>>> print(open('protein.cif').read())   # mmCIF, N, CA and C atoms
data_my_file
loop_
_atom_site.label_atom_id
_atom_site.label_comp_id
_atom_site.auth_asym_id
_atom_site.auth_seq_id
_atom_site.Cartn_x
_atom_site.Cartn_y
_atom_site.Cartn_z
N MET E 1 85.36 33.03 73.72
CA MET E 1 85.57 34.08 74.68
C MET E 1 84.22 34.60 75.21
N LEU E 2 83.33 34.99 74.31
CA LEU E 2 82.01 35.46 74.72
C LEU E 2 81.20 34.33 75.33
N ASP E 3 81.29 33.14 74.75
CA ASP E 3 80.57 31.98 75.30
C ASP E 3 81.00 31.71 76.74
N GLU E 4 82.27 31.84 77.02
CA GLU E 4 82.78 31.61 78.37
C GLU E 4 82.18 32.62 79.34
N ARG E 5 82.12 33.88 78.96
CA ARG E 5 81.53 34.90 79.83
C ARG E 5 80.06 34.61 80.08
N MET E 6 79.35 34.15 79.06
CA MET E 6 77.93 33.87 79.21
C MET E 6 77.70 32.71 80.19
N ARG E 7 78.56 31.70 80.13
CA ARG E 7 78.43 30.58 81.07
C ARG E 7 78.69 31.03 82.51
N LYS E 8 79.62 31.95 82.70
CA LYS E 8 79.96 32.42 84.04
C LYS E 8 78.80 33.16 84.69
N VAL E 9 78.01 33.88 83.92
CA VAL E 9 76.89 34.64 84.51
C VAL E 9 75.58 33.87 84.44
N ARG E 10 75.63 32.66 83.91
CA ARG E 10 74.48 31.76 83.87
C ARG E 10 73.26 32.38 83.19
N LEU E 11 73.49 32.94 82.03
CA LEU E 11 72.37 33.46 81.24
C LEU E 11 71.62 32.30 80.60
N ARG E 12 70.33 32.46 80.47
CA ARG E 12 69.48 31.43 79.87
C ARG E 12 68.68 32.10 78.76
N SER E 13 68.71 31.53 77.59
CA SER E 13 67.95 32.06 76.47
C SER E 13 66.48 31.70 76.63
N ALA E 14 65.63 32.72 76.64
CA ALA E 14 64.19 32.49 76.78
C ALA E 14 63.47 32.71 75.45
N PHE E 15 64.06 33.49 74.58
CA PHE E 15 63.44 33.81 73.31
C PHE E 15 64.54 34.21 72.35
N SER E 16 64.43 33.78 71.11
CA SER E 16 65.38 34.22 70.10
C SER E 16 64.62 34.59 68.85
N SER E 17 65.18 35.53 68.11
CA SER E 17 64.53 36.00 66.89
C SER E 17 65.59 36.56 65.96
N HIS E 18 65.34 36.43 64.67
CA HIS E 18 66.20 37.06 63.68
C HIS E 18 65.87 38.54 63.55
N LEU E 19 64.75 38.95 64.14
CA LEU E 19 64.33 40.34 64.08
C LEU E 19 64.77 41.07 65.34
N ALA E 20 65.81 41.86 65.22
CA ALA E 20 66.34 42.58 66.38
C ALA E 20 65.31 43.52 66.97
N VAL E 21 64.41 44.04 66.15
CA VAL E 21 63.40 44.96 66.66
C VAL E 21 62.46 44.24 67.64
N ALA E 22 62.23 42.95 67.44
CA ALA E 22 61.41 42.16 68.37
C ALA E 22 62.15 42.00 69.70
N LEU E 23 63.44 41.75 69.64
CA LEU E 23 64.24 41.63 70.86
C LEU E 23 64.28 42.95 71.61
N LYS E 24 64.42 44.04 70.86
CA LYS E 24 64.42 45.37 71.49
C LYS E 24 63.10 45.62 72.21
N ALA E 25 61.99 45.28 71.58
CA ALA E 25 60.67 45.50 72.19
C ALA E 25 60.54 44.73 73.49
N LEU E 26 61.03 43.49 73.53
CA LEU E 26 60.97 42.70 74.76
C LEU E 26 61.83 43.32 75.85
N ALA E 27 63.01 43.82 75.49
CA ALA E 27 63.88 44.46 76.47
C ALA E 27 63.22 45.73 77.02
N VAL E 28 62.63 46.53 76.14
CA VAL E 28 61.94 47.75 76.58
C VAL E 28 60.80 47.41 77.53
N ASP E 29 60.12 46.29 77.27
CA ASP E 29 59.01 45.85 78.13
C ASP E 29 59.49 45.18 79.42
N GLY E 30 60.81 45.12 79.64
CA GLY E 30 61.34 44.56 80.87
C GLY E 30 61.37 43.04 80.89
N LYS E 31 61.36 42.41 79.73
CA LYS E 31 61.32 40.96 79.65
C LYS E 31 62.71 40.32 79.60
N GLY E 32 63.77 41.10 79.76
CA GLY E 32 65.12 40.54 79.74
C GLY E 32 66.09 41.45 79.04
N ILE E 33 67.20 40.87 78.59
CA ILE E 33 68.23 41.62 77.88
C ILE E 33 68.25 41.19 76.42
N ALA E 34 68.83 42.01 75.58
CA ALA E 34 68.86 41.70 74.15
C ALA E 34 70.19 42.14 73.55
N TRP E 35 70.67 41.36 72.59
CA TRP E 35 71.80 41.78 71.76
C TRP E 35 71.19 42.57 70.62
N ALA E 36 71.60 43.81 70.44
CA ALA E 36 71.06 44.65 69.37
C ALA E 36 72.12 45.64 68.93
N SER E 37 72.00 46.11 67.70
CA SER E 37 72.96 47.10 67.23
C SER E 37 72.72 48.42 67.95
N ARG E 38 73.77 49.14 68.19
CA ARG E 38 73.68 50.43 68.88
C ARG E 38 72.74 51.37 68.12
N SER E 39 72.82 51.34 66.80
CA SER E 39 71.97 52.25 66.01
C SER E 39 70.48 51.95 66.20
N LEU E 40 70.13 50.70 66.43
CA LEU E 40 68.73 50.33 66.63
C LEU E 40 68.19 50.82 67.96
N VAL E 41 69.02 50.84 68.99
CA VAL E 41 68.55 51.19 70.33
C VAL E 41 68.99 52.57 70.80
N GLU E 42 69.60 53.34 69.93
CA GLU E 42 70.15 54.64 70.33
C GLU E 42 69.10 55.56 70.95
N ASP E 43 67.92 55.65 70.36
CA ASP E 43 66.87 56.51 70.91
C ASP E 43 66.47 56.07 72.32
N GLU E 44 66.34 54.76 72.51
CA GLU E 44 65.95 54.22 73.82
C GLU E 44 67.06 54.42 74.85
N LEU E 45 68.32 54.36 74.43
CA LEU E 45 69.42 54.64 75.34
C LEU E 45 69.40 56.11 75.76
N GLN E 46 69.16 56.99 74.79
CA GLN E 46 69.11 58.43 75.09
C GLN E 46 67.95 58.79 76.01
N SER E 47 66.79 58.14 75.81
CA SER E 47 65.61 58.46 76.62
C SER E 47 65.64 57.79 77.99
N GLY E 48 66.51 56.79 78.16
CA GLY E 48 66.57 56.07 79.41
C GLY E 48 65.66 54.84 79.46
N ALA E 49 64.96 54.56 78.36
CA ALA E 49 64.10 53.37 78.32
C ALA E 49 64.94 52.09 78.38
N LEU E 50 66.18 52.16 77.85
CA LEU E 50 67.13 51.05 77.92
C LEU E 50 68.46 51.57 78.43
N CYS E 51 69.26 50.68 78.98
CA CYS E 51 70.63 51.03 79.36
C CYS E 51 71.53 49.87 78.95
N LEU E 52 72.82 50.15 78.83
CA LEU E 52 73.77 49.10 78.49
C LEU E 52 73.85 48.11 79.65
N ALA E 53 73.78 46.83 79.35
CA ALA E 53 73.73 45.80 80.39
C ALA E 53 75.10 45.31 80.81
N GLY E 54 76.13 45.71 80.12
CA GLY E 54 77.47 45.24 80.45
C GLY E 54 78.52 46.24 80.02
N GLY E 55 79.74 45.97 80.40
CA GLY E 55 80.84 46.85 80.05
C GLY E 55 81.39 46.56 78.66
N GLU E 56 82.51 47.18 78.38
CA GLU E 56 83.17 47.05 77.08
C GLU E 56 83.41 45.60 76.69
N GLU E 57 83.69 44.74 77.67
CA GLU E 57 84.01 43.35 77.35
C GLU E 57 82.83 42.59 76.76
N TRP E 58 81.61 43.13 76.85
CA TRP E 58 80.43 42.49 76.29
C TRP E 58 80.08 43.02 74.90
N ARG E 59 80.78 44.02 74.44
CA ARG E 59 80.52 44.57 73.11
C ARG E 59 81.14 43.67 72.05
N VAL E 60 80.45 43.55 70.94
CA VAL E 60 80.89 42.69 69.85
C VAL E 60 80.99 43.51 68.58
N THR E 61 82.11 43.38 67.87
CA THR E 61 82.27 44.05 66.58
C THR E 61 81.60 43.20 65.51
N VAL E 62 80.82 43.83 64.68
CA VAL E 62 80.08 43.12 63.64
C VAL E 62 80.41 43.74 62.28
N SER E 63 80.61 42.90 61.30
CA SER E 63 80.81 43.37 59.93
C SER E 63 79.54 43.08 59.13
N VAL E 64 79.13 44.04 58.34
CA VAL E 64 77.96 43.87 57.49
C VAL E 64 78.41 43.96 56.05
N VAL E 65 77.98 43.01 55.25
CA VAL E 65 78.31 43.01 53.83
C VAL E 65 77.03 42.91 53.01
N LEU E 66 77.06 43.47 51.83
CA LEU E 66 75.94 43.36 50.91
C LEU E 66 76.26 42.27 49.89
N VAL E 67 75.33 41.40 49.65
CA VAL E 67 75.49 40.35 48.65
C VAL E 67 74.30 40.37 47.71
N ARG E 68 74.52 39.88 46.51
CA ARG E 68 73.44 39.85 45.52
C ARG E 68 73.69 38.76 44.51
N SER E 69 72.67 38.45 43.76
CA SER E 69 72.80 37.50 42.66
C SER E 69 73.66 38.13 41.57
N ARG E 70 74.39 37.30 40.84
CA ARG E 70 75.18 37.80 39.71
C ARG E 70 74.30 38.18 38.52
N GLU E 71 73.09 37.64 38.50
CA GLU E 71 72.17 37.92 37.39
C GLU E 71 71.68 39.36 37.45
N ARG E 72 71.37 39.92 36.26
CA ARG E 72 70.84 41.28 36.21
C ARG E 72 69.50 41.34 36.92
N GLN E 73 69.27 42.45 37.56
CA GLN E 73 68.04 42.68 38.29
C GLN E 73 67.22 43.75 37.55
N SER E 74 66.15 44.18 38.15
CA SER E 74 65.34 45.25 37.56
C SER E 74 66.19 46.52 37.49
N PRO E 75 65.82 47.47 36.62
CA PRO E 75 66.59 48.72 36.53
C PRO E 75 66.71 49.43 37.89
N LEU E 76 65.65 49.42 38.69
CA LEU E 76 65.70 50.06 40.00
C LEU E 76 66.69 49.35 40.93
N ALA E 77 66.67 48.02 40.92
CA ALA E 77 67.61 47.26 41.75
C ALA E 77 69.05 47.51 41.29
N GLU E 78 69.28 47.55 40.00
CA GLU E 78 70.63 47.83 39.49
C GLU E 78 71.09 49.22 39.90
N GLN E 79 70.19 50.17 39.90
CA GLN E 79 70.53 51.53 40.33
C GLN E 79 70.93 51.52 41.81
N PHE E 80 70.16 50.80 42.62
CA PHE E 80 70.49 50.68 44.04
C PHE E 80 71.89 50.10 44.22
N TRP E 81 72.19 48.99 43.52
CA TRP E 81 73.49 48.35 43.68
C TRP E 81 74.62 49.24 43.21
N SER E 82 74.40 50.02 42.15
CA SER E 82 75.46 50.90 41.68
C SER E 82 75.73 52.01 42.71
N LEU E 83 74.71 52.45 43.43
CA LEU E 83 74.93 53.43 44.51
C LEU E 83 75.76 52.81 45.62
N GLY E 84 75.48 51.57 45.97
CA GLY E 84 76.24 50.88 47.01
C GLY E 84 77.70 50.71 46.63
N ILE E 85 77.95 50.41 45.38
CA ILE E 85 79.33 50.25 44.91
C ILE E 85 80.07 51.57 44.98
N ARG E 86 79.43 52.66 44.57
CA ARG E 86 80.09 53.98 44.62
C ARG E 86 80.39 54.40 46.05
N ARG E 87 79.49 54.12 46.97
CA ARG E 87 79.70 54.54 48.37
C ARG E 87 80.78 53.74 49.05
N SER E 88 80.97 52.49 48.63
CA SER E 88 81.99 51.66 49.28
C SER E 88 83.39 51.93 48.74
N SER E 89 83.51 52.63 47.64
CA SER E 89 84.83 52.90 47.05
C SER E 89 85.53 54.04 47.73
#
>>> encode(input="protein.cif", output="structure tokens")
Amino acid sequence: MLDERMRKVRLRSAFSSHLAVALKALAVDGKGIAWASRSLVEDELQSGALCLAGGEEWRVTVSVVLVRSRERQSPLAEQFWSLGIRRSS
């Protein structure tokens, strides 16, 4: 569905990165558009440095999950994970 819309508007990928902050910086510099989480670009949207490039049909729902090794970690890491478990319940 999203791929079909992208073909219709003839978008061309010029740069890709696993770091959304790098994509945001390029968009702020006027180098194109970027897929980024709303929370990452909220300040720039509020200030007017960035604007939404498309309507609701271009928004994508994303699920984020936390994963970890089954092996015991350092006491600090275990404390972190126990906080995550409590918040998700």
>>> atom_distance(input="protein.cif", atom1="atom C of His18 in chain E", atom2="atom N of Trp35 in chain E")
10.6 Å
>>> atom_distance(input="protein.cif", atom1="atom N of Leu23 in chain E", atom2="atom C of Ser37 in chain E")
11.6 Å
>>> residues_around(input="protein.cif", residues="range 47-54 of chain E", least_positions_apart="5", cutoff="8 Å", atoms="only N, CA and C atoms", output="NGL selection string")
:E and (27-29 or 33-34 or 41-42 or 59)
>>> select_by_dssp(input="protein.cif", residues="chain E", states="alpha helix (DSSP H)", output="PyMOL selection string")
chain E and resi 2-8+20-28+38-47+75-88
>>> residues_around(input="protein.cif", residues="Ser39 in chain E", least_positions_apart="6", cutoff="12 Å", atoms="only C-alpha atoms", output="PyMOL selection string")
chain E and resi 20-21+24+45-46
>>> atom_distance(input="protein.cif", atom1="CA of Ala22 in chain E", atom2="CA of Ser69 in chain E")
28.5 Å
>>> residues_around(input="protein.cif", residues="Val67 in chain E", least_positions_apart="6", cutoff="12 Å", atoms="only C-alpha atoms", output="list in words")
Trp81, Gly84 and Ile85 of chain E
>>> closest_residue(input="protein.cif", among="E:Ala36, E:Ala77, E:Leu83, E:Ala25", to="Trp58 in chain E", atoms="only C-alpha atoms")
E:Ala36
